[in-house]
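Asks: Contents are compact mmCIF, C-alpha atoms; file name coords-v7.txt:
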```txt
# COMPACT_ATOMS: atom_id res chain seq x y z
CA MET O 923 -48.66 84.96 -110.29
CA LEU O 924 -46.70 81.76 -109.83
CA HIS O 925 -43.49 83.33 -108.59
CA GLN O 926 -45.47 85.18 -105.91
CA LEU O 927 -47.46 82.12 -104.82
CA LEU O 928 -44.25 80.12 -104.53
CA LYS O 929 -42.13 82.87 -103.00
CA ASN O 930 -39.69 81.65 -100.33
CA ARG O 931 -40.48 78.00 -101.06
CA LYS O 932 -37.90 75.52 -102.21
CA ILE O 933 -39.11 74.01 -105.49
CA VAL O 934 -37.96 70.66 -106.87
CA LEU O 935 -38.64 69.64 -110.46
CA ALA O 936 -38.64 65.85 -110.67
CA SER O 937 -37.66 65.80 -114.33
CA ALA O 938 -34.63 65.83 -116.63
CA SER O 939 -36.63 67.48 -119.43
CA PRO O 940 -35.02 70.65 -120.85
CA ARG O 941 -38.45 71.72 -122.12
CA ARG O 942 -39.94 71.67 -118.62
CA VAL O 943 -36.95 73.62 -117.32
CA GLU O 944 -37.43 76.20 -120.07
CA ILE O 945 -41.15 76.64 -119.33
CA LEU O 946 -40.68 77.07 -115.58
CA LYS O 947 -37.93 79.61 -116.16
CA LEU O 948 -40.24 81.51 -118.53
CA VAL O 949 -42.55 82.28 -115.60
CA GLY O 950 -39.72 83.32 -113.30
CA LEU O 951 -39.42 80.26 -111.07
CA LYS O 952 -36.19 79.20 -109.39
CA PHE O 953 -35.93 75.51 -108.67
CA VAL O 954 -33.70 72.50 -108.19
CA GLN O 955 -33.80 69.71 -110.75
CA ILE O 956 -33.81 66.13 -109.41
CA PRO O 957 -34.84 63.69 -112.15
CA ALA O 958 -37.07 60.87 -110.92
CA GLU O 959 -36.14 57.33 -111.85
CA ILE O 960 -39.08 54.95 -111.70
CA ASN O 961 -40.01 51.68 -113.37
CA GLU O 962 -42.59 52.83 -115.92
CA ASP O 963 -43.55 49.21 -116.60
CA VAL O 964 -45.76 49.34 -113.50
CA CYS O 965 -48.19 51.43 -115.56
CA LEU O 966 -48.32 49.16 -118.60
CA SER O 967 -51.83 48.01 -117.66
CA ASP O 968 -53.02 51.63 -118.10
CA HIS O 969 -51.77 51.96 -121.71
CA LYS O 970 -55.31 51.99 -123.08
CA ASN O 971 -56.31 54.80 -120.74
CA PRO O 972 -53.89 57.69 -121.45
CA GLN O 973 -55.41 59.98 -118.80
CA ARG O 974 -54.81 57.43 -116.06
CA TYR O 975 -51.43 56.45 -117.51
CA VAL O 976 -49.88 59.94 -117.41
CA GLN O 977 -51.40 60.82 -114.04
CA LYS O 978 -50.14 57.62 -112.45
CA LEU O 979 -46.62 58.12 -113.80
CA SER O 980 -46.48 61.76 -112.67
CA PHE O 981 -47.70 60.74 -109.20
CA LEU O 982 -45.08 57.99 -108.89
CA LYS O 983 -42.30 60.35 -110.02
CA CYS O 984 -43.38 62.97 -107.50
CA LYS O 985 -43.69 60.40 -104.69
CA SER O 986 -40.22 58.94 -105.34
CA ILE O 987 -38.54 62.35 -105.06
CA LYS O 988 -40.62 63.62 -102.13
CA GLU O 989 -39.81 60.51 -100.07
CA ALA O 990 -36.08 61.10 -100.62
CA LEU O 991 -36.15 64.73 -99.43
CA THR O 992 -35.37 65.74 -95.86
CA GLU O 993 -37.07 69.16 -95.93
CA ASP O 994 -40.40 70.63 -96.98
CA CYS O 995 -40.33 71.38 -100.70
CA THR O 996 -42.87 71.91 -103.44
CA VAL O 997 -42.26 68.89 -105.68
CA ILE O 998 -43.41 68.99 -109.29
CA ALA O 999 -43.58 65.97 -111.59
CA ALA O 1000 -45.04 65.48 -115.06
CA ASP O 1001 -45.41 62.82 -117.70
CA THR O 1002 -46.37 63.44 -121.32
CA THR O 1003 -47.48 60.98 -123.96
CA VAL O 1004 -48.92 60.97 -127.46
CA HIS O 1005 -52.07 58.95 -128.11
CA LEU O 1006 -53.22 57.82 -131.55
CA ASP O 1007 -55.64 55.08 -132.62
CA LYS O 1008 -55.93 53.77 -129.05
CA LYS O 1009 -52.14 53.42 -128.78
CA ILE O 1010 -49.60 55.32 -126.72
CA LEU O 1011 -46.60 56.56 -128.69
CA GLY O 1012 -43.69 57.06 -126.31
CA LYS O 1013 -40.13 58.06 -127.08
CA PRO O 1014 -38.78 56.18 -130.11
CA VAL O 1015 -35.91 53.82 -129.42
CA ASN O 1016 -34.40 53.91 -132.92
CA ASN O 1017 -34.76 55.35 -136.44
CA ASP O 1018 -37.27 52.73 -137.53
CA GLU O 1019 -39.61 53.40 -134.63
CA ALA O 1020 -39.30 57.18 -135.11
CA PHE O 1021 -40.20 56.73 -138.78
CA TYR O 1022 -43.18 54.53 -137.87
CA PHE O 1023 -44.47 57.05 -135.31
CA LEU O 1024 -44.16 60.02 -137.66
CA GLN O 1025 -45.71 58.13 -140.58
CA SER O 1026 -48.59 57.18 -138.28
CA LEU O 1027 -49.11 60.84 -137.26
CA SER O 1028 -48.99 62.09 -140.85
CA ASN O 1029 -52.26 63.73 -142.00
CA LYS O 1030 -54.00 62.74 -138.77
CA THR O 1031 -55.14 64.33 -135.52
CA HIS O 1032 -53.65 62.87 -132.35
CA ALA O 1033 -53.94 63.72 -128.66
CA VAL O 1034 -51.16 64.79 -126.32
CA TYR O 1035 -51.73 64.07 -122.63
CA THR O 1036 -49.70 65.38 -119.74
CA GLY O 1037 -50.22 64.21 -116.20
CA LEU O 1038 -49.09 66.69 -113.55
CA THR O 1039 -48.55 66.11 -109.84
CA VAL O 1040 -47.70 68.83 -107.32
CA SER O 1041 -47.00 68.06 -103.68
CA TYR O 1042 -46.33 70.33 -100.70
CA LYS O 1043 -46.26 69.08 -97.10
CA ASN O 1044 -49.39 66.89 -96.70
CA ILE O 1045 -51.14 68.13 -99.87
CA THR O 1046 -50.71 66.28 -103.17
CA LEU O 1047 -52.71 67.13 -106.29
CA THR O 1048 -52.72 65.18 -109.56
CA ASP O 1049 -54.46 66.21 -112.76
CA TYR O 1050 -54.01 66.09 -116.54
CA THR O 1051 -54.44 68.13 -119.71
CA LYS O 1052 -55.28 67.00 -123.23
CA THR O 1053 -54.38 68.84 -126.45
CA LYS O 1054 -55.33 67.78 -129.98
CA VAL O 1055 -52.68 68.20 -132.69
CA LYS O 1056 -53.22 67.89 -136.46
CA PHE O 1057 -50.27 67.03 -138.70
CA PHE O 1058 -49.90 67.91 -142.35
CA ASP O 1059 -49.41 65.05 -144.80
CA LEU O 1060 -45.70 64.14 -144.57
CA SER O 1061 -43.65 62.58 -147.32
CA ASN O 1062 -41.17 59.82 -146.52
CA GLU O 1063 -38.34 62.19 -147.44
CA GLU O 1064 -39.57 64.82 -144.98
CA ILE O 1065 -39.66 62.19 -142.24
CA TYR O 1066 -36.14 60.94 -143.08
CA GLN O 1067 -34.77 64.49 -143.05
CA TYR O 1068 -36.41 65.20 -139.70
CA ILE O 1069 -35.00 62.04 -138.14
CA LYS O 1070 -31.51 63.18 -139.23
CA THR O 1071 -31.86 66.21 -136.91
CA ASN O 1072 -32.01 63.77 -133.93
CA GLU O 1073 -34.86 65.84 -132.49
CA PRO O 1074 -37.36 62.93 -132.34
CA PHE O 1075 -35.41 60.73 -129.94
CA ASP O 1076 -36.15 62.19 -126.52
CA LYS O 1077 -39.74 63.17 -127.26
CA ALA O 1078 -43.05 61.36 -126.97
CA GLY O 1079 -44.50 60.72 -130.41
CA ALA O 1080 -41.10 61.41 -132.01
CA TYR O 1081 -41.54 65.16 -132.52
CA GLY O 1082 -41.03 68.48 -130.80
CA ILE O 1083 -43.57 71.26 -131.33
CA GLN O 1084 -41.00 73.88 -130.28
CA GLY O 1085 -38.33 72.74 -132.75
CA TYR O 1086 -38.05 71.43 -136.30
CA GLY O 1087 -41.26 69.48 -135.75
CA SER O 1088 -43.25 72.72 -135.68
CA GLN O 1089 -43.11 72.72 -139.48
CA PHE O 1090 -45.35 69.64 -139.63
CA ILE O 1091 -48.20 70.93 -137.49
CA GLU O 1092 -51.32 72.22 -139.23
CA LYS O 1093 -53.21 73.21 -136.09
CA ILE O 1094 -53.61 72.55 -132.39
CA ASN O 1095 -56.66 72.61 -130.14
CA GLY O 1096 -55.69 73.19 -126.53
CA CYS O 1097 -52.60 74.15 -124.57
CA TYR O 1098 -49.40 74.62 -126.61
CA PHE O 1099 -47.21 74.20 -123.53
CA ASN O 1100 -48.88 70.85 -122.85
CA VAL O 1101 -47.50 69.60 -126.17
CA MET O 1102 -44.06 70.82 -125.07
CA GLY O 1103 -44.47 68.68 -121.96
CA PHE O 1104 -45.63 71.02 -119.20
CA PRO O 1105 -49.13 72.60 -119.10
CA ILE O 1106 -48.22 75.78 -117.26
CA ASN O 1107 -51.86 76.95 -117.05
CA LEU O 1108 -52.89 73.74 -115.24
CA PHE O 1109 -49.87 74.08 -112.95
CA TYR O 1110 -50.93 77.62 -112.02
CA GLN O 1111 -54.45 76.44 -111.11
CA MET O 1112 -53.06 73.61 -108.99
CA ILE O 1113 -50.65 75.92 -107.15
CA LYS O 1114 -53.53 78.31 -106.40
CA LYS O 1115 -55.48 75.42 -104.85
CA ILE O 1116 -52.52 74.44 -102.67
CA ALA O 1117 -51.91 78.04 -101.64
CA CYS O 1118 -55.54 78.37 -100.52
CA SER O 1119 -55.50 75.14 -98.49
```
Go through the file and emit its structure as structure tokens.

Replies:
Amino acid sequence: MLHQLLKNRKIVLASASPRRVEILKLVGLKFVQIPAEINEDVCLSDHKNPQRYVQKLSFLKCKSIKEALTEDCTVIAADTTVHLDKKILGKPVNNDEAFYFLQSLSNKTHAVYTGLTVSYKNITLTDYTKTKVKFFDLSNEEIYQYIKTNEPFDKAGAYGIQGYGSQFIEKINGCYFNVMGFPINLFYQMIKKIACS
């Protein structure tokens, strides 16, 4: 169990995401939140390779926080993105972009990638998870109404699977928590590897 493997360790979550906080609390972890601020433009060249893109960003977030700490902590960082038609759909900057993203996802299957990096002392592991998500066919009115909830604006792909956006999802293939932004099953496997090192 995660809370046993990480017992008596100081844990730092390098993220401002309320979804990641919620997931870690679900499994009984106590942690400090220190959001990482990095220049994501350094990964623009990896846009066509979503696996590399999310792993690189999670690694850089983890590294930036770990280097600022003065004590041994388990540092956790993640980055999630939506990939459709060889394009990465990040967080929409305005209503028009949110509408475009959601219209693009309508009646299609897209992939959600999350890169995860965990670091403790001299051990750093980075990995990723992929989940496929199929949307129902959305009308323009449904999209407009959803945008009015303001839910799309801090989420990759302009939707949240755990909120109003759940109504649009026909099926998923893979980890649900990955679509929320933190693949807890992958995290557990990575922590077990670190604990055995």

Asks: Using only C-alpha atoms, find the one residue out of O:Lys1070, O:Lys970, O:Lys1114, O:His1032 that sits nearest to O:Asn1017.

Replies: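 Smallest distance to O:Asn1017 is found for O:Lys1070.
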
Asks: Quote the spacing between atom CA of O:Val997 and atom CA of O:Ile933 in Å to one decimal place.

Replies: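 Calculated distance between atom CA of O:Val997 and atom CA of O:Ile933 is 6.0 Å.
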
Asks: For O:Thr1046, which residue out of O:Gln926, O:Asn1062, O:Asn1016, O:Ser980 is the nearest one, using only C-alpha atoms?

Replies: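 Among the listed residues, O:Ser980 lies closest to O:Thr1046.
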
Asks: Calculated over only C-alpha atoms, which of the candidates O:Asp1007, O:Asp1018, O:Asp1001, O:Asp1059 has the smallest distance to O:Ser939?

Replies: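 Of all the options, O:Asp1001 lies closest to O:Ser939.
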
Asks: Please identify all polymer residues within 12 Å of O:Asn1100, counting all atoms listed in the file, omitting same-chain residues fewer than 4 positions from it, and present them as number ranges by chain.

Replies: O: 941-942, 945, 1000-1004, 1033-1038, 1050-1055, 1078, 1082-1084, 1094-1096, 1104-1109

Asks: Taking 4 positions as the minimum chain separation for residues in the same chain, which residues sit within 9 Å of O:Gln1025 when counting all atoms listed in the file? Answer as a VMD selection string.

Replies: chain O and resid 1020 to 1021 1029 1059 to 1062 1065

Asks: For each of O:Lys983, O:Arg931, O:Lys1013, O:Lys1043, take the minimum atom-to-atom distance to O:Phe953, counting all atoms listed in the file, then give the residue where this is smallest.

Replies: O:Arg931

Asks: Give the answer as one residue: which of O:Met1102, O:Val1015, O:Leu951, O:Leu1027 has the shortest atom-to-atom distance to O:Met923, using all atoms listed in the file?

Replies: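 Counting all atoms listed in the file, the residue closest to O:Met923 is O:Leu951.
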
Asks: Can you measure atom CA of O:Asn1044 to atom CA of O:Lys1115 for me? One decimal in Å is fine.

Replies: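 One can read the atom CA of O:Asn1044 to atom CA of O:Lys1115 distance as 13.3 Å.
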
Asks: Could you jot down the atom CA of O:Gln955 to atom CA of O:Leu928 separation for me, Å, one decimal place?

Replies: 16.0 Å

Asks: Using all atoms listed in the file, can you tell me which of O:Ala999, O:Lys1009, O:Asn930, O:Thr992 comes closest to O:Leu979?

Replies: O:Ala999

Asks: For O:Ala1117, please output as a list in words all residues within 10 Å (counting all atoms listed in the file; exclusion window: fewer than 6 positions along the same chain).

Replies: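 Non-adjacent residues within range: Leu927, Leu928, Tyr1042 and Gln1111 of chain O.
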
Asks: Write out, as a short mmCIF file (atom, residue, chain, number, x, y, z; two decimals), in the coordinates of the input, the residues just selected, with C-alpha atoms.

Replies:
```cif
data_model
loop_
_atom_site.label_atom_id
_atom_site.label_comp_id
_atom_site.auth_asym_id
_atom_site.auth_seq_id
_atom_site.Cartn_x
_atom_site.Cartn_y
_atom_site.Cartn_z
CA LEU O 927 -47.46 82.12 -104.82
CA LEU O 928 -44.25 80.12 -104.53
CA TYR O 1042 -46.33 70.33 -100.70
CA GLN O 1111 -54.45 76.44 -111.11
#
```

Asks: Since the input lacks some atoms of stretch 1048-1068 of chain O, please model N, CA, C and O atoms and print them as a PDB file, keeping the file's coordinate frame.

Replies:
```pdb
ATOM      1  N   THR O1048     -53.063  65.764-108.253  1.00  0.00           N
ATOM      2  CA  THR O1048     -52.720  65.180-109.560  1.00  0.00           C
ATOM      3  C   THR O1048     -53.843  65.477-110.534  1.00  0.00           C
ATOM      4  O   THR O1048     -55.026  65.320-110.199  1.00  0.00           O
ATOM      5  N   ASP O1049     -53.472  65.900-111.728  1.00  0.00           N
ATOM      6  CA  ASP O1049     -54.460  66.210-112.760  1.00  0.00           C
ATOM      7  C   ASP O1049     -53.823  65.989-114.130  1.00  0.00           C
ATOM      8  O   ASP O1049     -52.657  65.579-114.213  1.00  0.00           O
ATOM      9  N   TYR O1050     -54.572  66.258-115.194  1.00  0.00           N
ATOM     10  CA  TYR O1050     -54.010  66.090-116.540  1.00  0.00           C
ATOM     11  C   TYR O1050     -54.622  67.110-117.497  1.00  0.00           C
ATOM     12  O   TYR O1050     -55.673  67.704-117.233  1.00  0.00           O
ATOM     13  N   THR O1051     -53.954  67.284-118.618  1.00  0.00           N
ATOM     14  CA  THR O1051     -54.440  68.130-119.710  1.00  0.00           C
ATOM     15  C   THR O1051     -54.328  67.364-121.018  1.00  0.00           C
ATOM     16  O   THR O1051     -53.406  66.567-121.201  1.00  0.00           O
ATOM     17  N   LYS O1052     -55.272  67.632-121.908  1.00  0.00           N
ATOM     18  CA  LYS O1052     -55.280  67.000-123.230  1.00  0.00           C
ATOM     19  C   LYS O1052     -55.288  68.082-124.306  1.00  0.00           C
ATOM     20  O   LYS O1052     -56.046  69.047-124.228  1.00  0.00           O
ATOM     21  N   THR O1053     -54.424  67.928-125.310  1.00  0.00           N
ATOM     22  CA  THR O1053     -54.380  68.840-126.450  1.00  0.00           C
ATOM     23  C   THR O1053     -54.446  68.012-127.736  1.00  0.00           C
ATOM     24  O   THR O1053     -53.767  66.989-127.849  1.00  0.00           O
ATOM     25  N   LYS O1054     -55.252  68.462-128.682  1.00  0.00           N
ATOM     26  CA  LYS O1054     -55.330  67.780-129.980  1.00  0.00           C
ATOM     27  C   LYS O1054     -54.408  68.474-130.982  1.00  0.00           C
ATOM     28  O   LYS O1054     -54.379  69.705-131.053  1.00  0.00           O
ATOM     29  N   VAL O1055     -53.652  67.669-131.728  1.00  0.00           N
ATOM     30  CA  VAL O1055     -52.680  68.200-132.690  1.00  0.00           C
ATOM     31  C   VAL O1055     -52.919  67.555-134.054  1.00  0.00           C
ATOM     32  O   VAL O1055     -53.007  66.329-134.153  1.00  0.00           O
ATOM     33  N   LYS O1056     -53.014  68.384-135.090  1.00  0.00           N
ATOM     34  CA  LYS O1056     -53.220  67.890-136.460  1.00  0.00           C
ATOM     35  C   LYS O1056     -51.941  68.084-137.255  1.00  0.00           C
ATOM     36  O   LYS O1056     -51.390  69.181-137.329  1.00  0.00           O
ATOM     37  N   PHE O1057     -51.457  66.991-137.845  1.00  0.00           N
ATOM     38  CA  PHE O1057     -50.270  67.030-138.700  1.00  0.00           C
ATOM     39  C   PHE O1057     -50.654  67.211-140.159  1.00  0.00           C
ATOM     40  O   PHE O1057     -51.682  66.720-140.611  1.00  0.00           O
ATOM     41  N   PHE O1058     -49.790  67.897-140.899  1.00  0.00           N
ATOM     42  CA  PHE O1058     -49.900  67.910-142.350  1.00  0.00           C
ATOM     43  C   PHE O1058     -49.545  66.513-142.879  1.00  0.00           C
ATOM     44  O   PHE O1058     -49.004  65.675-142.153  1.00  0.00           O
ATOM     45  N   ASP O1059     -49.816  66.291-144.130  1.00  0.00           N
ATOM     46  CA  ASP O1059     -49.410  65.050-144.800  1.00  0.00           C
ATOM     47  C   ASP O1059     -47.898  65.105-145.013  1.00  0.00           C
ATOM     48  O   ASP O1059     -47.395  66.040-145.647  1.00  0.00           O
ATOM     49  N   LEU O1060     -47.163  64.141-144.467  1.00  0.00           N
ATOM     50  CA  LEU O1060     -45.700  64.140-144.570  1.00  0.00           C
ATOM     51  C   LEU O1060     -45.223  63.124-145.592  1.00  0.00           C
ATOM     52  O   LEU O1060     -45.700  61.987-145.621  1.00  0.00           O
ATOM     53  N   SER O1061     -44.256  63.523-146.391  1.00  0.00           N
ATOM     54  CA  SER O1061     -43.650  62.580-147.320  1.00  0.00           C
ATOM     55  C   SER O1061     -42.583  61.773-146.575  1.00  0.00           C
ATOM     56  O   SER O1061     -42.090  62.190-145.513  1.00  0.00           O
ATOM     57  N   ASN O1062     -42.215  60.629-147.135  1.00  0.00           N
ATOM     58  CA  ASN O1062     -41.170  59.820-146.520  1.00  0.00           C
ATOM     59  C   ASN O1062     -39.860  60.603-146.420  1.00  0.00           C
ATOM     60  O   ASN O1062     -39.138  60.504-145.424  1.00  0.00           O
ATOM     61  N   GLU O1063     -39.568  61.411-147.448  1.00  0.00           N
ATOM     62  CA  GLU O1063     -38.340  62.190-147.440  1.00  0.00           C
ATOM     63  C   GLU O1063     -38.330  63.223-146.319  1.00  0.00           C
ATOM     64  O   GLU O1063     -37.302  63.430-145.659  1.00  0.00           O
ATOM     65  N   GLU O1064     -39.473  63.856-146.083  1.00  0.00           N
ATOM     66  CA  GLU O1064     -39.570  64.820-144.980  1.00  0.00           C
ATOM     67  C   GLU O1064     -39.297  64.139-143.641  1.00  0.00           C
ATOM     68  O   GLU O1064     -38.611  64.686-142.775  1.00  0.00           O
ATOM     69  N   ILE O1065     -39.851  62.937-143.487  1.00  0.00           N
ATOM     70  CA  ILE O1065     -39.660  62.190-142.240  1.00  0.00           C
ATOM     71  C   ILE O1065     -38.184  61.811-142.073  1.00  0.00           C
ATOM     72  O   ILE O1065     -37.607  61.985-140.988  1.00  0.00           O
ATOM     73  N   TYR O1066     -37.555  61.319-143.147  1.00  0.00           N
ATOM     74  CA  TYR O1066     -36.140  60.940-143.080  1.00  0.00           C
ATOM     75  C   TYR O1066     -35.270  62.145-142.708  1.00  0.00           C
ATOM     76  O   TYR O1066     -34.356  62.041-141.888  1.00  0.00           O
ATOM     77  N   GLN O1067     -35.553  63.292-143.330  1.00  0.00           N
ATOM     78  CA  GLN O1067     -34.770  64.490-143.050  1.00  0.00           C
ATOM     79  C   GLN O1067     -34.937  64.942-141.595  1.00  0.00           C
ATOM     80  O   GLN O1067     -33.990  65.399-140.961  1.00  0.00           O
ATOM     81  N   TYR O1068     -36.150  64.807-141.093  1.00  0.00           N
ATOM     82  CA  TYR O1068     -36.410  65.200-139.700  1.00  0.00           C
ATOM     83  C   TYR O1068     -35.670  64.279-138.731  1.00  0.00           C
ATOM     84  O   TYR O1068     -35.083  64.739-137.745  1.00  0.00           O
TER      85      TYR O1068
END
```
